[in-house]
file upload-v1.cif (mmCIF, C-alpha atoms and all ligand atoms)
data_start
loop_
_atom_site.label_atom_id
_atom_site.label_comp_id
_atom_site.auth_asym_id
_atom_site.auth_seq_id
_atom_site.Cartn_x
_atom_site.Cartn_y
_atom_site.Cartn_z
CA MET A 1 94.08 67.13 -41.87
CA THR A 2 96.88 68.78 -43.85
CA THR A 3 98.95 71.40 -42.05
CA VAL A 4 100.82 73.90 -44.21
CA ALA A 5 103.18 76.55 -42.88
CA THR A 6 104.17 78.47 -46.01
CA ILE A 7 102.27 80.55 -48.53
CA ALA A 8 103.56 78.36 -51.38
CA ASP A 9 102.27 75.21 -49.65
CA LEU A 10 98.93 76.88 -48.90
CA ARG A 11 98.48 77.77 -52.59
CA GLU A 12 99.39 74.24 -53.62
CA ALA A 13 97.02 72.70 -51.08
CA LEU A 14 94.17 74.96 -52.26
CA ALA A 15 94.74 74.36 -55.99
CA PRO A 16 92.47 71.27 -56.28
CA ALA A 17 89.63 73.12 -54.49
CA ARG A 18 90.04 76.09 -56.83
CA SER A 19 90.00 73.95 -59.95
CA ARG A 20 86.84 72.18 -58.71
CA GLY A 21 85.27 75.62 -58.14
CA ASP A 22 84.72 74.86 -54.44
CA SER A 23 83.42 77.55 -52.13
CA VAL A 24 86.25 78.14 -49.67
CA GLY A 25 85.63 79.13 -46.04
CA LEU A 26 88.28 80.80 -43.87
CA VAL A 27 88.35 80.81 -40.08
CA PRO A 28 91.15 83.18 -39.02
CA THR A 29 92.38 82.38 -35.50
CA MET A 30 95.22 82.91 -33.07
CA GLY A 31 94.88 79.36 -31.71
CA ALA A 32 94.22 78.24 -28.11
CA PHE A 33 91.04 76.68 -29.45
CA HIS A 34 87.87 76.46 -27.35
CA ALA A 35 84.15 75.93 -27.83
CA GLY A 36 83.78 79.33 -29.53
CA HIS A 37 86.20 78.21 -32.25
CA ARG A 38 84.38 74.87 -32.53
CA SER A 39 81.17 76.70 -33.40
CA LEU A 40 82.98 78.70 -36.12
CA PHE A 41 84.55 75.51 -37.51
CA ARG A 42 81.18 73.75 -37.55
CA ALA A 43 79.43 76.59 -39.38
CA ALA A 44 82.26 76.83 -41.91
CA ARG A 45 82.14 73.10 -42.58
CA GLU A 46 78.37 73.19 -43.04
CA GLU A 47 78.41 76.19 -45.38
CA CYS A 48 81.59 75.72 -47.46
CA ASP A 49 83.07 72.96 -49.62
CA THR A 50 86.61 73.49 -48.34
CA VAL A 51 87.60 75.08 -45.03
CA VAL A 52 90.93 76.69 -44.14
CA VAL A 53 91.70 77.50 -40.51
CA SER A 54 94.59 79.90 -40.08
CA LEU A 55 96.50 79.80 -36.81
CA PHE A 56 98.76 82.81 -36.39
CA VAL A 57 99.44 84.75 -33.21
CA ASN A 58 99.72 88.06 -35.02
CA PRO A 59 102.42 90.18 -33.34
CA ALA A 60 101.19 93.29 -35.17
CA GLN A 61 97.98 93.44 -33.14
CA PHE A 62 99.74 93.42 -29.76
CA GLU A 63 101.30 96.55 -28.31
CA ALA A 64 105.04 96.45 -27.72
CA GLY A 65 105.69 95.15 -24.20
CA SER A 66 102.09 93.87 -23.92
CA ASP A 67 100.81 90.36 -23.37
CA LEU A 68 102.06 88.82 -26.65
CA ALA A 69 104.62 86.66 -24.82
CA GLY A 70 101.97 85.42 -22.38
CA TYR A 71 99.34 84.70 -25.06
CA PRO A 72 98.38 81.00 -24.81
CA HIS A 73 100.12 79.00 -27.53
CA ASP A 74 99.95 75.22 -27.91
CA PRO A 75 100.04 74.39 -31.63
CA GLY A 76 100.13 70.61 -30.99
CA ALA A 77 96.91 70.66 -28.95
CA ASP A 78 95.30 73.03 -31.49
CA ALA A 79 96.10 70.66 -34.37
CA VAL A 80 94.45 67.78 -32.49
CA PHE A 81 91.40 69.98 -31.74
CA ALA A 82 91.08 71.17 -35.36
CA GLU A 83 91.39 67.67 -36.77
CA ALA A 84 88.76 66.35 -34.34
CA ALA A 85 86.49 69.19 -35.50
CA GLY A 86 86.79 67.92 -39.09
CA ILE A 87 89.10 70.66 -40.43
CA GLU A 88 90.99 69.57 -43.56
CA LEU A 89 93.48 72.40 -43.96
CA LEU A 90 95.34 74.23 -41.18
CA PHE A 91 97.56 77.17 -42.17
CA THR A 92 100.24 78.03 -39.60
CA PRO A 93 102.42 80.74 -41.15
CA ASP A 94 105.53 82.22 -39.56
CA ALA A 95 105.72 85.92 -38.72
CA ALA A 96 108.92 86.01 -40.80
CA GLU A 97 106.94 85.13 -43.93
CA LEU A 98 103.91 87.37 -43.32
CA TYR A 99 106.06 90.31 -42.19
CA PRO A 100 109.42 89.85 -43.94
CA PRO A 101 112.31 92.27 -43.36
CA GLY A 102 111.44 95.61 -44.92
CA TYR A 103 107.68 95.11 -44.46
CA GLN A 104 105.95 98.51 -44.41
CA THR A 105 102.36 98.25 -45.68
CA TRP A 106 99.52 98.63 -43.19
CA VAL A 107 95.75 98.99 -43.27
CA GLU A 108 94.25 101.53 -40.87
CA VAL A 109 90.50 101.85 -40.41
CA GLU A 110 90.80 105.27 -38.91
CA GLU A 111 87.84 106.40 -36.82
CA LEU A 112 86.26 103.04 -36.00
CA GLY A 113 89.65 101.52 -35.26
CA ARG A 114 90.55 104.15 -32.66
CA ARG A 115 87.48 103.85 -30.42
CA LEU A 116 86.87 101.41 -27.54
CA GLU A 117 89.38 98.58 -28.04
CA GLY A 118 91.41 100.84 -30.32
CA GLU A 119 91.66 103.51 -27.63
CA HIS A 120 92.89 101.05 -25.00
CA ARG A 121 95.06 99.01 -27.39
CA PRO A 122 96.56 101.56 -29.81
CA GLY A 123 97.49 99.94 -33.13
CA HIS A 124 95.46 96.80 -32.38
CA PHE A 125 93.01 97.12 -35.28
CA ARG A 126 95.76 98.21 -37.67
CA GLY A 127 97.35 94.82 -36.98
CA VAL A 128 94.02 92.96 -37.23
CA ALA A 129 92.95 94.66 -40.47
CA THR A 130 96.35 94.14 -42.07
CA VAL A 131 96.64 90.46 -41.24
CA CYS A 132 93.02 89.77 -42.21
CA LEU A 133 93.49 91.49 -45.57
CA LYS A 134 96.59 89.36 -46.15
CA LEU A 135 94.69 86.20 -45.21
CA PHE A 136 91.74 87.16 -47.44
CA ASN A 137 94.18 87.69 -50.34
CA LEU A 138 95.93 84.38 -49.74
CA VAL A 139 92.87 82.18 -49.20
CA ARG A 140 90.34 84.15 -51.31
CA PRO A 141 87.42 82.79 -49.26
CA ALA A 142 83.75 83.04 -50.17
CA ARG A 143 83.04 83.33 -46.43
CA ALA A 144 85.16 84.25 -43.42
CA TYR A 145 84.01 83.37 -39.90
CA PHE A 146 84.22 85.52 -36.76
CA GLY A 147 82.63 85.57 -33.31
CA GLN A 148 80.13 88.18 -32.14
CA LYS A 149 82.29 88.53 -29.00
CA ASP A 150 84.67 90.56 -31.18
CA ALA A 151 81.89 92.83 -32.47
CA GLN A 152 84.16 95.83 -33.05
CA GLN A 153 86.64 93.67 -34.96
CA VAL A 154 83.81 92.60 -37.27
CA ALA A 155 82.76 96.23 -37.79
CA VAL A 156 86.35 97.25 -38.58
CA LEU A 157 86.71 94.41 -41.12
CA ARG A 158 83.37 95.22 -42.75
CA ARG A 159 84.48 98.84 -43.13
CA MET A 160 87.81 97.72 -44.61
CA ILE A 161 86.08 95.42 -47.12
CA ARG A 162 83.82 98.27 -48.21
CA ASP A 163 86.49 100.97 -48.27
CA LEU A 164 89.03 98.90 -50.20
CA ASP A 165 86.44 97.50 -52.64
CA LEU A 166 87.30 93.90 -51.78
CA ASP A 167 85.50 91.13 -53.59
CA LEU A 168 81.77 91.63 -53.00
CA GLU A 169 81.44 87.86 -52.91
CA LEU A 170 83.35 87.81 -49.61
CA GLU A 171 80.80 87.35 -46.85
CA LEU A 172 81.68 87.89 -43.20
CA ARG A 173 79.77 85.36 -41.13
CA VAL A 174 79.32 86.32 -37.50
CA LEU A 175 78.42 83.56 -35.06
CA PRO A 176 76.84 84.12 -31.62
CA THR A 177 79.11 84.30 -28.57
CA VAL A 178 79.53 80.89 -26.95
CA ARG A 179 79.41 80.96 -23.14
CA ASP A 180 80.69 78.54 -20.52
CA HIS A 181 78.33 77.00 -17.95
CA ASP A 182 78.87 80.00 -15.62
CA GLY A 183 78.11 82.58 -18.32
CA LEU A 184 81.69 83.67 -19.05
CA ALA A 185 82.22 84.02 -22.80
CA PHE A 186 84.78 81.50 -24.06
CA SER A 187 88.09 83.23 -24.70
CA SER A 188 91.64 82.01 -25.09
CA ARG A 189 92.51 84.37 -22.24
CA ASN A 190 90.22 82.62 -19.72
CA ALA A 191 92.97 80.05 -19.14
CA GLN A 192 95.05 82.81 -17.51
CA LEU A 193 92.45 83.41 -14.76
CA THR A 194 92.89 81.89 -11.30
CA ALA A 195 89.74 80.39 -9.73
CA ALA A 196 89.27 83.55 -7.61
CA GLU A 197 89.77 85.81 -10.64
CA ARG A 198 87.30 83.81 -12.66
CA GLU A 199 84.72 84.30 -9.91
CA ARG A 200 85.31 88.08 -10.08
CA ALA A 201 85.24 88.01 -13.89
CA LEU A 202 81.66 86.69 -13.79
CA ALA A 203 80.55 90.23 -12.98
CA LEU A 204 81.18 91.00 -16.67
CA PRO A 205 78.58 88.71 -18.29
CA ARG A 206 76.18 89.40 -15.41
CA ALA A 207 76.48 93.15 -15.90
CA LEU A 208 75.97 92.91 -19.66
CA ALA A 209 73.04 90.55 -19.26
CA THR A 210 71.07 93.45 -17.73
CA ARG A 211 71.18 95.03 -21.23
CA ASP A 212 71.06 98.38 -19.44
CA LEU A 213 74.02 100.78 -19.32
CA ASP A 214 73.43 102.18 -15.82
CA SER A 215 72.80 98.75 -14.29
CA ALA A 216 75.87 97.35 -16.06
CA ARG A 217 78.04 100.23 -14.76
CA ALA A 218 76.80 99.63 -11.23
CA ARG A 219 77.52 95.90 -11.41
CA LEU A 220 81.04 96.48 -12.72
CA ALA A 221 81.84 99.07 -10.03
CA GLY A 222 84.33 96.83 -8.16
CA LEU A 223 86.34 95.91 -11.26
CA ASP A 224 89.04 97.67 -13.24
CA VAL A 225 86.87 98.80 -16.17
CA ASP A 226 88.39 100.05 -19.46
CA TYR A 227 84.95 100.89 -20.85
CA VAL A 228 81.30 99.97 -20.72
CA GLU A 229 79.24 101.52 -23.48
CA VAL A 230 76.28 101.17 -25.77
CA VAL A 231 77.88 100.98 -29.20
CA ASP A 232 76.04 101.75 -32.39
CA LEU A 233 77.30 98.81 -34.44
CA ASP A 234 75.19 96.63 -36.68
CA PRO A 235 73.53 95.26 -34.57
CA PRO A 236 73.91 97.68 -31.63
CA VAL A 237 75.60 96.16 -28.58
CA LEU A 238 76.27 96.85 -24.93
CA ALA A 239 80.02 96.23 -24.77
CA ALA A 240 82.61 96.25 -22.01
CA ALA A 241 86.27 95.53 -21.35
CA VAL A 242 87.62 94.81 -17.88
CA ARG A 243 90.93 93.80 -16.34
CA VAL A 244 90.92 91.02 -13.79
CA GLY A 245 94.41 90.59 -12.35
CA SER A 246 96.69 90.64 -15.39
CA THR A 247 93.98 89.38 -17.76
CA ARG A 248 91.96 91.68 -19.98
CA LEU A 249 88.50 90.43 -20.99
CA ILE A 250 86.00 91.81 -23.48
CA ASP A 251 82.37 90.87 -23.97
CA ASN A 252 79.15 92.30 -25.38
CA VAL A 253 75.47 91.55 -25.75
CA VAL A 254 73.34 92.37 -28.74
CA LEU A 255 70.66 94.92 -27.86
CA ASP A 256 68.27 93.72 -30.53
CA LYS A 257 66.08 91.35 -28.49
CA GLU A 258 65.57 89.06 -31.49
CA LYS A 259 69.24 88.12 -31.44
CA PRO A 260 71.14 86.00 -28.85
O1 LIG B 1 90.07 87.36 -33.43
C1 LIG B 1 91.22 86.91 -33.58
O2 LIG B 1 91.55 85.80 -33.12
C2 LIG B 1 92.25 87.74 -34.33
O3 LIG B 1 92.05 89.11 -34.12
C3 LIG B 1 92.28 87.42 -35.84
C4 LIG B 1 90.97 87.75 -36.50
C5 LIG B 1 92.62 85.95 -36.04
C6 LIG B 1 93.38 88.25 -36.52
O4 LIG B 1 94.63 87.96 -36.01
#
call {"tool": "encode", "arguments": {"input": "upload-v1.cif", "output": "structure tokens"}}
result
Amino acid sequence: MTTVATIADLREALAPARSRGDSVGLVPTMGAFHAGHRSLFRAAREECDTVVVSLFVNPAQFEAGSDLAGYPHDPGADAVFAEAAGIELLFTPDAAELYPPGYQTWVEVEELGRRLEGEHRPGHFRGVATVCLKLFNLVRPARAYFGQKDAQQVAVLRRMIRDLDLDLELELRVLPTVRDHDGLAFSSRNAQLTAAERERALALPRALATRDLDSARARLAGLDVDYVEVVDLDPPVLAAAVRVGSTRLIDNVVLDKEKP
């Protein structure tokens, strides 16, 4: 696996793939890899000739004074994980290069980006949309891979692609949420839960598994709930965000019974 940290080195590393006319897949990540990432890596490898995984803990999508400092970060372990998963190219840019002094250009998906996650994490989707647009421009992928767990993020990015007339060849691939043996959706934040908190957090997947808003609300009654709502995305989901101790968890289930 080749690891590149600068935009110049990324372009150089991608040049042979471009001259061969390879289809390039991009898996944008913030690291702390787990089984959910492995499923994105696998799909990208199966569907694309060349795969780039970006690993960048994007400060722009965290609120000032929020949990950026506590976000799990172990680039050495992530490199080992990515290589074992067959990734050939890992892009680990610095914030100083993606947001150099004087940086002032942002992408805001207005209405969709202010609901749900956007309401509880103001500015979050502005940071996500901006960094994803930059990554799409740098890598120019045929396909970019995301998890269904971040359903609103996918909707925001789809809207951005449409609104900004990005390359119609760019396909967003959305892979089903991967769950641990106890039902908790894999998330980089799960590592922050104590054993007792994890036990309490299980109310979240259990509530959503009812696929019924009132039952889900009732099952989440003891937790600190940011929202639980039926959301008219494509496909529609029952989505919730809860805080367990200092950890904030999101999850959703697709309401179309055909889908997992
Ligand atoms: O889902 C994530 O890990 C992040 O929001 C993303 C898409 C890598 C952008 O920083």
call {"tool": "closest_residue", "arguments": {"input": "upload-v1.cif", "among": "A:Arg11, A:Arg206, A:Lys149, A:Arg20", "to": "ligand LIG 1 (chain B)", "atoms": "all atoms listed in the file"}}
result
A:Lys149
call {"tool": "residues_around", "arguments": {"input": "upload-v1.cif", "residues": "A:His73", "least_positions_apart": "4", "cutoff": "9 Å", "atoms": "only C-alpha atoms", "output": "list in words"}}
result
Met30, Gly31, Ala32, Val57 and Asp78 of chain A
call {"tool": "atom_distance", "arguments": {"input": "upload-v1.cif", "atom1": "atom CA of A:Thr247", "atom2": "atom CA of A:Leu175"}}
result
24.0 Å
call {"tool": "atom_distance", "arguments": {"input": "upload-v1.cif", "atom1": "atom CA of A:Glu108", "atom2": "atom CA of A:Gly127"}}
result
8.4 Å
call {"tool": "residues_around", "arguments": {"input": "upload-v1.cif", "residues": "A:Leu249", "least_positions_apart": "3", "cutoff": "9 Å", "atoms": "all atoms listed in the file", "output": "PyMOL selection string"}}
result
chain A and resi 187+189-190+201+204+240-244
call {"tool": "write_last_selection", "arguments": {"input": "upload-v1.cif", "atoms": "C-alpha atoms", "output": "short mmCIF file (atom, residue, chain, number, x, y, z; two decimals), in the frame of the given file"}}
result
data_model
loop_
_atom_site.label_atom_id
_atom_site.label_comp_id
_atom_site.auth_asym_id
_atom_site.auth_seq_id
_atom_site.Cartn_x
_atom_site.Cartn_y
_atom_site.Cartn_z
CA SER A 187 88.09 83.23 -24.70
CA ARG A 189 92.51 84.37 -22.24
CA ASN A 190 90.22 82.62 -19.72
CA ALA A 201 85.24 88.01 -13.89
CA LEU A 204 81.18 91.00 -16.67
CA ALA A 240 82.61 96.25 -22.01
CA ALA A 241 86.27 95.53 -21.35
CA VAL A 242 87.62 94.81 -17.88
CA ARG A 243 90.93 93.80 -16.34
CA VAL A 244 90.92 91.02 -13.79
#
call {"tool": "closest_atom_pairs", "arguments": {"input": "upload-v1.cif", "of": "chain A", "to": "ligand LIG 1 (chain B)", "cutoff": "8 Å", "atoms": "only C-alpha atoms and all ligand atoms", "output": "Markdown table"}}
result
| residue | atom | partner | partner_atom | distance |
| --- | --- | --- | --- | --- |
| A:Val27 | CA | B:LIG1 | C5 | 7.8 |
| A:Pro28 | CA | B:LIG1 | C5 | 4.3 |
| A:Thr29 | CA | B:LIG1 | C5 | 3.6 |
| A:Met30 | CA | B:LIG1 | O2 | 4.7 |
| A:Gly31 | CA | B:LIG1 | O2 | 7.4 |
| A:Ser54 | CA | B:LIG1 | C5 | 7.5 |
| A:Leu55 | CA | B:LIG1 | C5 | 7.3 |
| A:Phe56 | CA | B:LIG1 | O4 | 6.6 |
| A:Val57 | CA | B:LIG1 | O4 | 6.4 |
| A:Asn58 | CA | B:LIG1 | O4 | 5.2 |
| A:Gln61 | CA | B:LIG1 | O4 | 7.0 |
| A:Gly127 | CA | B:LIG1 | O4 | 7.4 |
| A:Val128 | CA | B:LIG1 | C6 | 4.8 |
| A:Ala129 | CA | B:LIG1 | C6 | 7.5 |
| A:Val131 | CA | B:LIG1 | O4 | 6.1 |
| A:Cys132 | CA | B:LIG1 | C6 | 5.9 |
| A:Phe146 | CA | B:LIG1 | O1 | 7.0 |
| A:Gly147 | CA | B:LIG1 | O1 | 7.7 |
| A:Asp150 | CA | B:LIG1 | O1 | 6.7 |
| A:Gln153 | CA | B:LIG1 | O3 | 7.1 |
call {"tool": "atom_distance", "arguments": {"input": "upload-v1.cif", "atom1": "atom CA of A:Gly36", "atom2": "atom CA of A:Val178"}}
result
5.2 Å
call {"tool": "residues_around", "arguments": {"input": "upload-v1.cif", "residues": "A:Leu14", "least_positions_apart": "5", "cutoff": "12 Å", "atoms": "all atoms listed in the file", "output": "list in words"}}
result
Thr2, Thr3, Val4, Ile7, Ala8, Asp9, Ser19, Arg20, Gly21, Asp22, Ser23, Val24, Gly25, Leu26, Asp49, Thr50, Val51, Val52, Glu88, Leu89, Leu90, Phe91, Leu138, Val139, Arg140 and Pro141 of chain A
call {"tool": "closest_residue", "arguments": {"input": "upload-v1.cif", "among": "A:Thr92, A:Asn252, A:Gln104, A:Gln148", "to": "A:Ala216", "atoms": "all atoms listed in the file"}}
result
A:Asn252
call {"tool": "closest_residue", "arguments": {"input": "upload-v1.cif", "among": "A:Leu98, A:Leu172, A:Leu233, A:Leu157", "to": "A:Ala144", "atoms": "all atoms listed in the file"}}
result
A:Leu172
call {"tool": "closest_residue", "arguments": {"input": "upload-v1.cif", "among": "A:Val237, A:Leu202, A:Ala85, A:Val109", "to": "A:His34", "atoms": "all atoms listed in the file"}}
result
A:Ala85
call {"tool": "closest_residue", "arguments": {"input": "upload-v1.cif", "among": "A:Leu164, A:Asp214, A:Ala5, A:Phe41", "to": "A:Ala96", "atoms": "only C-alpha atoms"}}
result
A:Ala5
call {"tool": "residues_around", "arguments": {"input": "upload-v1.cif", "residues": "A:Leu166", "least_positions_apart": "3", "cutoff": "12 Å", "atoms": "all atoms listed in the file", "output": "PyMOL selection string"}}
result
chain A and resi 132-134+136-137+140-142+157-163+169-172
call {"tool": "write_last_selection", "arguments": {"input": "upload-v1.cif", "atoms": "C-alpha atoms", "output": "mmCIF file, in the frame of the given file"}}
result
data_model
loop_
_atom_site.group_PDB
_atom_site.id
_atom_site.type_symbol
_atom_site.label_atom_id
_atom_site.label_comp_id
_atom_site.auth_asym_id
_atom_site.auth_seq_id
_atom_site.Cartn_x
_atom_site.Cartn_y
_atom_site.Cartn_z
ATOM 1 C CA CYS A 132 93.020 89.770 -42.210
ATOM 2 C CA LEU A 133 93.490 91.490 -45.570
ATOM 3 C CA LYS A 134 96.590 89.360 -46.150
ATOM 4 C CA PHE A 136 91.740 87.160 -47.440
ATOM 5 C CA ASN A 137 94.180 87.690 -50.340
ATOM 6 C CA ARG A 140 90.340 84.150 -51.310
ATOM 7 C CA PRO A 141 87.420 82.790 -49.260
ATOM 8 C CA ALA A 142 83.750 83.040 -50.170
ATOM 9 C CA LEU A 157 86.710 94.410 -41.120
ATOM 10 C CA ARG A 158 83.370 95.220 -42.750
ATOM 11 C CA ARG A 159 84.480 98.840 -43.130
ATOM 12 C CA MET A 160 87.810 97.720 -44.610
ATOM 13 C CA ILE A 161 86.080 95.420 -47.120
ATOM 14 C CA ARG A 162 83.820 98.270 -48.210
ATOM 15 C CA ASP A 163 86.490 100.970 -48.270
ATOM 16 C CA GLU A 169 81.440 87.860 -52.910
ATOM 17 C CA LEU A 170 83.350 87.810 -49.610
ATOM 18 C CA GLU A 171 80.800 87.350 -46.850
ATOM 19 C CA LEU A 172 81.680 87.890 -43.200
#
call {"tool": "closest_residue", "arguments": {"input": "upload-v1.cif", "among": "A:Thr130, A:Gln152, A:Thr6, A:Gln192", "to": "A:Pro72", "atoms": "only C-alpha atoms"}}
result
A:Gln192
